[in-house]
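my_file_24.cif (mmCIF, C-alpha atoms (C1' of nucleotides))
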data_upload
loop_
_atom_site.label_atom_id
_atom_site.label_comp_id
_atom_site.auth_asym_id
_atom_site.auth_seq_id
_atom_site.Cartn_x
_atom_site.Cartn_y
_atom_site.Cartn_z
CA MET U 10 -66.45 119.90 -231.17
CA ALA U 11 -67.65 116.50 -232.36
CA ALA U 12 -67.70 116.86 -236.18
CA PRO U 13 -71.01 118.74 -236.65
CA LYS U 14 -71.10 118.00 -240.38
CA LYS U 15 -70.96 114.28 -239.74
CA ARG U 16 -73.85 114.34 -237.25
CA PHE U 17 -75.86 116.50 -239.62
CA ASP U 18 -75.32 114.03 -242.47
CA GLU U 19 -76.18 111.07 -240.25
CA MET U 20 -79.45 112.66 -239.20
CA VAL U 21 -80.33 113.60 -242.79
CA ALA U 22 -79.65 110.00 -243.82
CA LYS U 23 -81.89 108.73 -241.02
CA LEU U 24 -84.78 110.93 -242.14
CA LYS U 25 -84.36 109.85 -245.77
CA GLU U 26 -84.12 106.21 -244.80
CA HIS U 27 -87.48 106.45 -243.06
CA GLY U 28 -89.12 108.31 -245.92
CA TYR U 29 -89.43 111.69 -244.18
CA ARG U 30 -89.23 114.79 -246.32
CA LEU U 31 -86.22 117.03 -246.19
CA THR U 32 -87.84 120.41 -245.75
CA PRO U 33 -85.78 123.55 -245.21
CA GLN U 34 -87.26 123.86 -241.71
CA ARG U 35 -86.10 120.37 -240.78
CA MET U 36 -82.66 121.01 -242.26
CA ALA U 37 -82.35 124.16 -240.17
CA VAL U 38 -83.26 122.26 -236.98
CA LEU U 39 -80.78 119.49 -237.81
CA LYS U 40 -78.08 122.07 -238.43
CA ALA U 41 -78.79 123.81 -235.13
CA LEU U 42 -78.70 120.49 -233.28
CA ALA U 43 -75.54 119.30 -235.00
CA ASP U 44 -73.83 122.57 -234.06
CA SER U 45 -74.93 122.52 -230.40
CA ASP U 46 -72.87 120.74 -227.79
CA ASP U 47 -74.45 122.65 -224.89
CA HIS U 48 -77.60 120.57 -224.42
CA PRO U 49 -79.95 123.31 -225.64
CA THR U 50 -83.56 123.82 -224.61
CA ILE U 51 -86.32 123.87 -227.25
CA GLU U 52 -86.41 127.64 -226.94
CA LYS U 53 -82.68 127.84 -227.62
CA ILE U 54 -82.95 125.61 -230.69
CA PHE U 55 -85.78 127.87 -231.87
CA LYS U 56 -83.56 130.94 -231.47
CA ARG U 57 -80.73 129.26 -233.37
CA VAL U 58 -83.01 128.30 -236.24
CA LYS U 59 -84.66 131.71 -236.61
CA PRO U 60 -81.74 133.55 -238.26
CA ASP U 61 -81.57 130.84 -240.95
CA PHE U 62 -85.28 130.52 -241.28
CA SER U 63 -87.22 133.34 -239.71
CA SER U 64 -90.71 132.04 -240.44
CA THR U 65 -90.24 128.82 -238.44
CA SER U 66 -92.67 128.27 -235.61
CA LEU U 67 -92.09 126.76 -232.18
CA ALA U 68 -94.55 123.99 -233.04
CA THR U 69 -92.33 122.86 -235.90
CA ILE U 70 -89.30 122.75 -233.61
CA TYR U 71 -91.27 120.58 -231.17
CA LYS U 72 -92.45 118.30 -233.96
CA THR U 73 -89.00 117.88 -235.47
CA VAL U 74 -87.26 117.27 -232.15
CA THR U 75 -89.95 114.74 -231.16
CA LEU U 76 -89.46 112.98 -234.48
CA LEU U 77 -85.69 112.83 -234.03
CA LYS U 78 -86.19 111.57 -230.49
CA GLU U 79 -88.36 108.73 -231.79
CA LEU U 80 -85.74 107.91 -234.41
CA GLY U 81 -83.13 107.72 -231.65
CA GLU U 82 -81.13 110.68 -232.99
CA VAL U 83 -81.76 113.00 -230.05
CA TYR U 84 -81.62 112.33 -226.32
CA GLU U 85 -84.01 114.19 -224.04
CA LEU U 86 -82.74 115.15 -220.61
CA SER U 87 -85.74 116.19 -218.56
CA LEU U 88 -84.91 118.52 -215.72
CA SER U 89 -87.43 120.23 -213.47
CA GLU U 90 -86.22 123.54 -214.97
CA GLY U 91 -87.19 122.31 -218.43
CA ASN U 92 -86.06 119.77 -220.99
CA ARG U 93 -82.66 119.82 -222.65
CA TYR U 94 -81.70 118.05 -225.88
CA ASP U 95 -78.54 116.32 -227.01
CA ALA U 96 -77.93 115.23 -230.61
CA MET U 97 -74.22 114.56 -230.06
CA LYS U 98 -74.71 111.58 -227.77
CA PRO U 99 -78.31 110.49 -228.36
CA PHE U 100 -78.34 107.89 -225.58
CA PRO U 101 -78.46 107.98 -221.75
CA HIS U 102 -75.19 109.17 -220.23
CA PRO U 103 -74.16 110.86 -216.98
CA HIS U 104 -74.22 114.64 -216.63
CA LEU U 105 -72.93 117.34 -214.37
CA ILE U 106 -75.41 120.17 -214.00
CA CYS U 107 -74.57 123.54 -212.50
CA VAL U 108 -77.55 124.65 -210.42
CA ASN U 109 -76.36 128.24 -210.68
CA CYS U 110 -75.81 128.79 -214.42
CA ASP U 111 -77.64 125.70 -215.77
CA THR U 112 -74.62 124.51 -217.71
CA VAL U 113 -74.86 120.82 -218.57
CA THR U 114 -71.63 118.85 -219.08
CA ASP U 115 -71.11 115.23 -220.05
CA VAL U 116 -69.01 113.03 -217.79
CA ASP U 117 -67.69 109.51 -217.94
CA ILE U 118 -68.25 106.92 -215.27
CA ASN U 119 -66.24 103.77 -215.62
CA HIS U 120 -68.43 101.06 -214.22
CA LEU U 121 -71.90 102.26 -215.13
CA ALA U 122 -72.86 99.11 -217.03
CA ASP U 123 -71.70 97.02 -214.05
CA LEU U 124 -73.93 99.08 -211.79
CA ALA U 125 -76.97 98.43 -214.00
CA ALA U 126 -76.14 94.72 -214.10
CA GLU U 127 -75.89 94.67 -210.30
CA MET U 128 -79.29 96.39 -209.98
CA SER U 129 -80.80 93.85 -212.33
CA ARG U 130 -79.35 90.93 -210.39
CA LYS U 131 -80.44 92.32 -207.02
CA THR U 132 -84.00 93.21 -207.99
CA GLY U 133 -85.04 91.09 -210.95
CA TYR U 134 -85.80 94.20 -213.02
CA ARG U 135 -84.94 94.12 -216.69
CA ILE U 136 -83.02 97.41 -216.86
CA LEU U 137 -83.59 99.38 -220.05
CA ASN U 138 -81.71 102.54 -219.30
CA GLN U 139 -80.47 104.67 -216.48
CA ARG U 140 -80.03 108.19 -215.41
CA VAL U 141 -77.01 109.36 -213.48
CA ASP U 142 -76.77 113.10 -212.96
CA PHE U 143 -74.84 115.19 -210.48
CA PHE U 144 -75.99 118.64 -209.42
CA GLY U 145 -73.57 121.18 -208.08
CA ILE U 146 -71.69 124.43 -208.64
CA CYS U 147 -69.30 124.61 -211.57
CA THR U 148 -65.81 126.07 -211.18
CA ASP U 149 -66.77 129.34 -212.91
CA CYS U 150 -69.69 129.90 -210.56
CA GLN U 151 -67.58 129.03 -207.52
CA ALA U 152 -65.11 131.75 -208.52
CA GLU U 153 -67.77 134.49 -208.54
CA MET V 97 -93.52 100.02 -193.52
CA ALA V 98 -91.33 102.65 -191.91
CA ALA V 99 -93.22 103.66 -188.73
CA PRO V 100 -95.84 106.02 -190.20
CA LYS V 101 -96.73 107.45 -186.79
CA LYS V 102 -93.14 108.47 -186.18
CA ARG V 103 -92.81 110.29 -189.51
CA PHE V 104 -96.14 112.00 -188.93
CA ASP V 105 -95.00 113.23 -185.51
CA GLU V 106 -91.66 114.39 -186.90
CA MET V 107 -93.35 116.41 -189.60
CA VAL V 108 -95.84 117.92 -187.15
CA ALA V 109 -92.92 118.91 -184.90
CA LYS V 110 -91.15 120.52 -187.84
CA LEU V 111 -94.18 122.62 -188.72
CA LYS V 112 -94.61 123.71 -185.09
CA GLU V 113 -90.93 124.50 -184.74
CA HIS V 114 -91.16 126.88 -187.68
CA GLY V 115 -94.36 128.52 -186.45
CA TYR V 116 -96.69 127.08 -189.07
CA ARG V 117 -100.29 126.43 -188.08
CA LEU V 118 -101.53 122.90 -187.63
CA THR V 119 -104.70 123.02 -189.69
CA PRO V 120 -106.83 119.91 -190.23
CA GLN V 121 -106.00 120.08 -193.95
CA ARG V 122 -102.28 120.02 -193.25
CA MET V 123 -102.68 117.18 -190.77
CA ALA V 124 -104.55 115.16 -193.39
CA VAL V 125 -101.77 115.73 -195.94
CA LEU V 126 -99.11 114.76 -193.39
CA LYS V 127 -101.04 111.62 -192.55
CA ALA V 128 -101.39 110.67 -196.21
CA LEU V 129 -97.67 111.24 -196.77
CA ALA V 130 -96.64 109.35 -193.64
CA ASP V 131 -98.76 106.40 -194.75
CA SER V 132 -97.46 106.33 -198.34
CA ASP V 133 -94.37 104.38 -199.21
CA ASP V 134 -95.21 104.24 -202.93
CA HIS V 135 -93.86 107.64 -203.98
CA PRO V 136 -97.30 109.11 -204.72
CA THR V 137 -98.11 111.84 -207.23
CA ILE V 138 -99.84 115.04 -206.06
CA GLU V 139 -103.06 113.69 -207.51
CA LYS V 140 -102.71 110.50 -205.47
CA ILE V 141 -102.06 112.43 -202.27
CA PHE V 142 -105.17 114.46 -203.06
CA LYS V 143 -107.24 111.30 -203.44
CA ARG V 144 -105.91 109.94 -200.14
CA VAL V 145 -106.74 113.14 -198.30
CA LYS V 146 -110.26 113.51 -199.69
CA PRO V 147 -111.93 110.74 -197.61
CA ASP V 148 -110.58 112.32 -194.41
CA PHE V 149 -111.25 115.83 -195.52
CA SER V 150 -113.55 116.11 -198.51
CA SER V 151 -113.43 119.89 -198.88
CA THR V 152 -109.68 120.02 -199.46
CA SER V 153 -108.56 121.55 -202.75
CA LEU V 154 -105.69 120.56 -205.02
CA ALA V 155 -104.16 124.00 -204.45
CA THR V 156 -103.84 123.25 -200.74
CA ILE V 157 -102.11 119.94 -201.46
CA TYR V 158 -99.65 121.75 -203.70
CA LYS V 159 -99.03 124.44 -201.08
CA THR V 160 -98.53 121.95 -198.27
CA VAL V 161 -96.24 119.67 -200.25
CA THR V 162 -94.20 122.66 -201.42
CA LEU V 163 -93.89 123.82 -197.82
CA LEU V 164 -92.74 120.38 -196.64
CA LYS V 165 -90.28 120.24 -199.52
CA GLU V 166 -88.79 123.57 -198.42
CA LEU V 167 -88.56 122.30 -194.85
CA GLY V 168 -86.68 119.25 -196.13
CA GLU V 169 -89.41 116.82 -195.05
CA VAL V 170 -90.39 115.68 -198.53
CA TYR V 171 -88.23 114.71 -201.49
CA GLU V 172 -89.45 115.50 -204.99
CA LEU V 173 -88.61 113.02 -207.72
CA SER V 174 -89.34 114.70 -211.03
CA LEU V 175 -90.03 112.30 -213.85
CA SER V 176 -91.18 113.25 -217.33
CA GLU V 177 -94.46 111.47 -216.55
CA GLY V 178 -95.01 113.78 -213.58
CA ASN V 179 -93.57 114.43 -210.14
CA ARG V 180 -93.56 111.88 -207.34
CA TYR V 181 -93.12 112.61 -203.64
CA ASP V 182 -91.36 110.76 -200.85
CA ALA V 183 -91.75 111.66 -197.17
CA MET V 184 -90.11 108.45 -195.94
CA LYS V 185 -86.65 109.28 -197.23
CA PRO V 186 -86.71 113.02 -197.84
CA PHE V 187 -83.28 113.18 -199.49
CA PRO V 188 -81.82 112.14 -202.86
CA HIS V 189 -81.51 108.39 -203.21
CA PRO V 190 -81.45 105.89 -206.10
CA HIS V 191 -84.66 104.49 -207.54
CA LEU V 192 -85.84 101.72 -209.79
CA ILE V 193 -88.73 102.82 -211.98
CA CYS V 194 -90.92 100.42 -213.93
CA VAL V 195 -91.68 102.04 -217.27
CA ASN V 196 -94.71 99.79 -217.66
CA CYS V 197 -96.61 100.23 -214.38
CA ASP V 198 -94.85 103.35 -213.02
CA THR V 199 -93.93 101.67 -209.75
CA VAL V 200 -91.06 103.43 -208.00
CA THR V 201 -88.83 101.43 -205.64
CA ASP V 202 -85.91 102.54 -203.52
CA VAL V 203 -82.58 100.80 -203.97
CA ASP V 204 -79.23 100.93 -202.24
CA ILE V 205 -75.97 101.55 -204.01
CA ASN V 206 -72.88 101.01 -201.94
CA HIS V 207 -70.37 103.50 -203.19
CA LEU V 208 -72.56 106.41 -204.20
CA ALA V 209 -70.77 108.95 -202.02
CA ASP V 210 -67.45 107.78 -203.49
CA LEU V 211 -68.83 108.34 -206.96
CA ALA V 212 -69.81 111.91 -206.11
CA ALA V 213 -66.38 112.54 -204.59
CA GLU V 214 -64.71 111.20 -207.72
CA MET V 215 -66.84 113.49 -209.91
CA SER V 216 -65.91 116.44 -207.76
CA ARG V 217 -62.20 115.63 -207.97
CA LYS V 218 -62.29 115.09 -211.73
CA THR V 219 -64.26 118.20 -212.63
CA GLY V 220 -63.81 120.76 -209.88
CA TYR V 221 -67.58 120.94 -209.32
CA ARG V 222 -68.84 121.31 -205.78
CA ILE V 223 -71.39 118.49 -205.82
CA LEU V 224 -74.59 119.27 -203.89
CA ASN V 225 -76.66 116.23 -204.71
CA GLN V 226 -77.11 113.55 -207.27
CA ARG V 227 -79.72 111.58 -209.06
CA VAL V 228 -79.30 107.91 -209.84
CA ASP V 229 -82.35 106.22 -211.30
CA PHE V 230 -82.76 103.02 -213.28
CA PHE V 231 -85.62 102.50 -215.70
CA GLY V 232 -86.80 99.05 -216.62
CA ILE V 233 -89.50 96.40 -216.34
CA CYS V 234 -90.34 95.09 -212.89
CA THR V 235 -90.72 91.36 -212.23
CA ASP V 236 -94.53 91.58 -212.12
CA CYS V 237 -94.70 93.27 -215.52
CA GLN V 238 -92.21 90.79 -217.01
CA ALA V 239 -94.52 87.96 -215.96
CA GLU V 240 -97.50 89.35 -217.85
"C1'" DG A 215 -108.10 139.86 -182.50
"C1'" DT A 216 -104.88 139.18 -186.05
"C1'" DA A 217 -102.13 137.17 -189.16
"C1'" DT A 218 -102.04 132.88 -191.60
"C1'" DG A 219 -104.28 129.31 -194.30
"C1'" DT A 220 -107.98 127.69 -197.37
"C1'" DG A 221 -110.49 127.23 -201.56
"C1'" DC A 222 -112.02 128.93 -205.62
"C1'" DA A 223 -111.09 130.47 -210.10
"C1'" DA A 224 -107.99 132.55 -213.10
"C1'" DA A 225 -103.43 132.85 -214.83
"C1'" DG A 226 -99.02 130.75 -216.33
"C1'" DA A 227 -95.50 127.81 -218.42
"C1'" DG A 228 -94.47 124.21 -221.47
"C1'" DT A 229 -96.11 121.17 -224.82
"C1'" DT A 230 -99.46 119.02 -228.07
"C1'" DT A 231 -103.05 119.04 -231.53
"C1'" DG A 232 -106.49 120.30 -235.45
"C1'" DC A 233 -106.77 122.21 -239.51
"C1'" DA A 234 -106.19 125.00 -243.86
"C1'" DG A 235 -102.85 126.23 -247.00
"C1'" DG A 236 -98.24 125.38 -249.05
"C1'" DG A 237 -94.28 122.61 -250.73
"C1'" DT A 238 -91.58 118.16 -251.43
"C1'" DA A 239 -90.98 114.14 -253.88
"C1'" DT Q 99 -100.34 115.45 -258.45
"C1'" DA Q 100 -100.73 113.56 -253.98
"C1'" DC Q 101 -99.57 113.44 -249.70
"C1'" DC Q 102 -96.77 115.31 -246.06
"C1'" DC Q 103 -95.32 119.32 -243.55
"C1'" DT Q 104 -95.83 123.94 -241.76
"C1'" DG Q 105 -97.62 127.53 -239.01
"C1'" DC Q 106 -101.24 129.49 -236.60
"C1'" DA Q 107 -104.25 129.26 -232.82
"C1'" DA Q 108 -106.61 126.68 -229.64
"C1'" DA Q 109 -106.42 123.08 -226.32
"C1'" DC Q 110 -104.20 120.58 -222.64
"C1'" DT Q 111 -101.67 119.38 -218.40
"C1'" DC Q 112 -99.49 120.57 -214.43
"C1'" DT Q 113 -98.61 124.06 -211.25
"C1'" DT Q 114 -98.81 128.70 -209.22
"C1'" DT Q 115 -101.14 132.88 -207.80
"C1'" DG Q 116 -104.66 136.57 -206.23
"C1'" DC Q 117 -108.14 137.33 -203.40
"C1'" DA Q 118 -112.10 137.06 -200.10
"C1'" DC Q 119 -113.48 134.35 -196.37
"C1'" DA Q 120 -112.49 131.27 -192.55
"C1'" DT Q 121 -109.80 129.86 -188.55
"C1'" DA Q 122 -105.67 128.52 -185.48
"C1'" DC Q 123 -103.27 130.57 -182.00
#

Would you mind giving the structure from this file in structure tokens?
Amino acid sequence: MAAPKKRFDEMVAKLKEHGYRLTPQRMAVLKALADSDDHPTIEKIFKRVKPDFSSTSLATIYKTVTLLKELGEVYELSLSEGNRYDAMKPFPHPHLICVNCDTVTDVDINHLADLAAEMSRKTGYRILNQRVDFFGICTDCQAE
Amino acid sequence: MAAPKKRFDEMVAKLKEHGYRLTPQRMAVLKALADSDDHPTIEKIFKRVKPDFSSTSLATIYKTVTLLKELGEVYELSLSEGNRYDAMKPFPHPHLICVNCDTVTDVDINHLADLAAEMSRKTGYRILNQRVDFFGICTDCQAE
DNA sequence: GTATGTGCAAAGAGTTTGCAGGGTA
DNA sequence: TACCCTGCAAACTCTTTGCACATAC
């Protein structure tokens, strides 16, 4: 677990810094995001916020997550099965995705920056970001 | 251009082989796909089919593309801006995507299979496929 | 002739937006 | 107090589905 309190405080600071109001609804979303290392869907964030703040609406979750995305505090991983959100590592990074149970795991790839540089050199593109994801069956699902 | 006639014939053969009927609508979609090396959207395929077959509906395009996808003759590249389709290389392969003009280009990466094997070894996942895409600004858009 | 395919329109899923009332700063 | 934020419902986009008619084989 990557210090949830620290991420929460960072995100609160970012909102303050940009003059956004610290409403209880926003705090609840930040808390849910800072506690989630499983790349939750919007629906899942909604369900995690509800116990703390039962009157919250889905629209507010969407608005808050979109805001945090624009501030660079949340990374959106768009999959054909639906979008997933990551507030732990709010920047592009490689994933392993189990096509059976939809678990999303972070992975490290050593020479990813080199790969982007090579693409840029070969094609003339100015590379802004990349997406490297592997789809497969996780060990738990293989055991079933 | 990767021999449009050949791809068209291959796709026709695949439909026949599986007992699907060769309707004029389907032929028009196959032709549009076999002629398109720009990773078209469904809407674009629709527009390319219309001149040949003005009564075609969007629903039929969706149904035909979905069928070809299931038969492994079309690869679906799902982007947050909308899905793109590739009948030239109907399998996962790396892309360069211009975030300004939405152009999608194929690229080669030498050791992609090695990368997947390394992931599998590190994590225990059985890797089925992967997605490696780079987002940036193409040379044309840089010049503007 | 018969089952499959088409085309329309309606239904769905996921997400965004307009607006009136409420709450933060 | 003033403006921003919330929550509801409606709108929107993309895609799928049900059904009656048409048609490939």

7 Å contact set for Val203 (chain V), only C-alpha atoms (C1' of nucleotides), chain neighbours under 4 positions out, as a PDB file with C-alpha atoms, keeping the file's coordinate frame:
ATOM      1  CA  PRO V 190     -81.450 105.890-206.100  1.00  0.00           C
ATOM      2  CA  HIS V 191     -84.660 104.490-207.540  1.00  0.00           C
ATOM      3  CA  LEU V 192     -85.840 101.720-209.790  1.00  0.00           C
TER       4      LEU V 192
END

Taking only C-alpha atoms (C1' of nucleotides) into account, report as a PDB file with C-alpha atoms (C1' of nucleotides), keeping the file's coordinate frame which residues of chain Q lie within 12 Å of chain V.
ATOM      1  C1'  DT Q 111    -101.670 119.380-218.400  1.00  0.00           C
ATOM      2  C1'  DC Q 112     -99.490 120.570-214.430  1.00  0.00           C
ATOM      3  C1'  DT Q 113     -98.610 124.060-211.250  1.00  0.00           C
ATOM      4  C1'  DT Q 114     -98.810 128.700-209.220  1.00  0.00           C
ATOM      5  C1'  DT Q 115    -101.140 132.880-207.800  1.00  0.00           C
ATOM      6  C1'  DA Q 120    -112.490 131.270-192.550  1.00  0.00           C
ATOM      7  C1'  DT Q 121    -109.800 129.860-188.550  1.00  0.00           C
ATOM      8  C1'  DA Q 122    -105.670 128.520-185.480  1.00  0.00           C
ATOM      9  C1'  DC Q 123    -103.270 130.570-182.000  1.00  0.00           C
TER      10       DC Q 123
END

For the file shown, what are the residues hit by the PyMOL selection byres ((chain V and resi 127-134) around 10), laid out as a PyMOL selection string?
-> chain V and resi 97-108+121-126+135-137+140-146+148+161+170+180-185+199-202

CA of Thr160 (chain V) to C1' of DA223 (chain A): how many Å, to one decimal?
->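 Separation of CA of Thr160 (chain V) and C1' of DA223 (chain A): 19.2 Å.
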
Rank nothing, just name the residue among V:Glu240, V:Ile223, V:Ile205, V:Leu163 nearest to chain U, using only C-alpha atoms.
->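 Closest to chain U, using only C-alpha atoms: V:Ile223.
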
Given the PyMOL selection byres ((chain A) within 9 of (chain U)), the residues it picks as an NGL selection string = :A and (228-230 or 237-239)

For chain U, work out the contacting residues on chain V at 10 Å, counting all atoms listed in the file, and write them as a PyMOL selection string.
-> chain V and resi 172-176+178-179+190-195+201+203-205+211-212+214-216+218-238

Please return the centre and edge lengths, in Å to one decimal, of a box with edges along x, y and z that contains all listed atoms of region 225-236 of chain A, widened by 3 Å on every side, as AutoDock Vina command-line options.
--center_x -100.6 --center_y 125.9 --center_z -231.9 --size_x 18.3 --size_y 19.8 --size_z 40.2

CA of Arg130 (chain U) and CA of Glu79 (chain U) are how many Å apart?
->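 The value is 29.3 Å.
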
In Å, how far is it from C1' of DC101 (chain Q) to CA of Pro60 (chain U)?
->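 Interatomic distance here is 29.2 Å.
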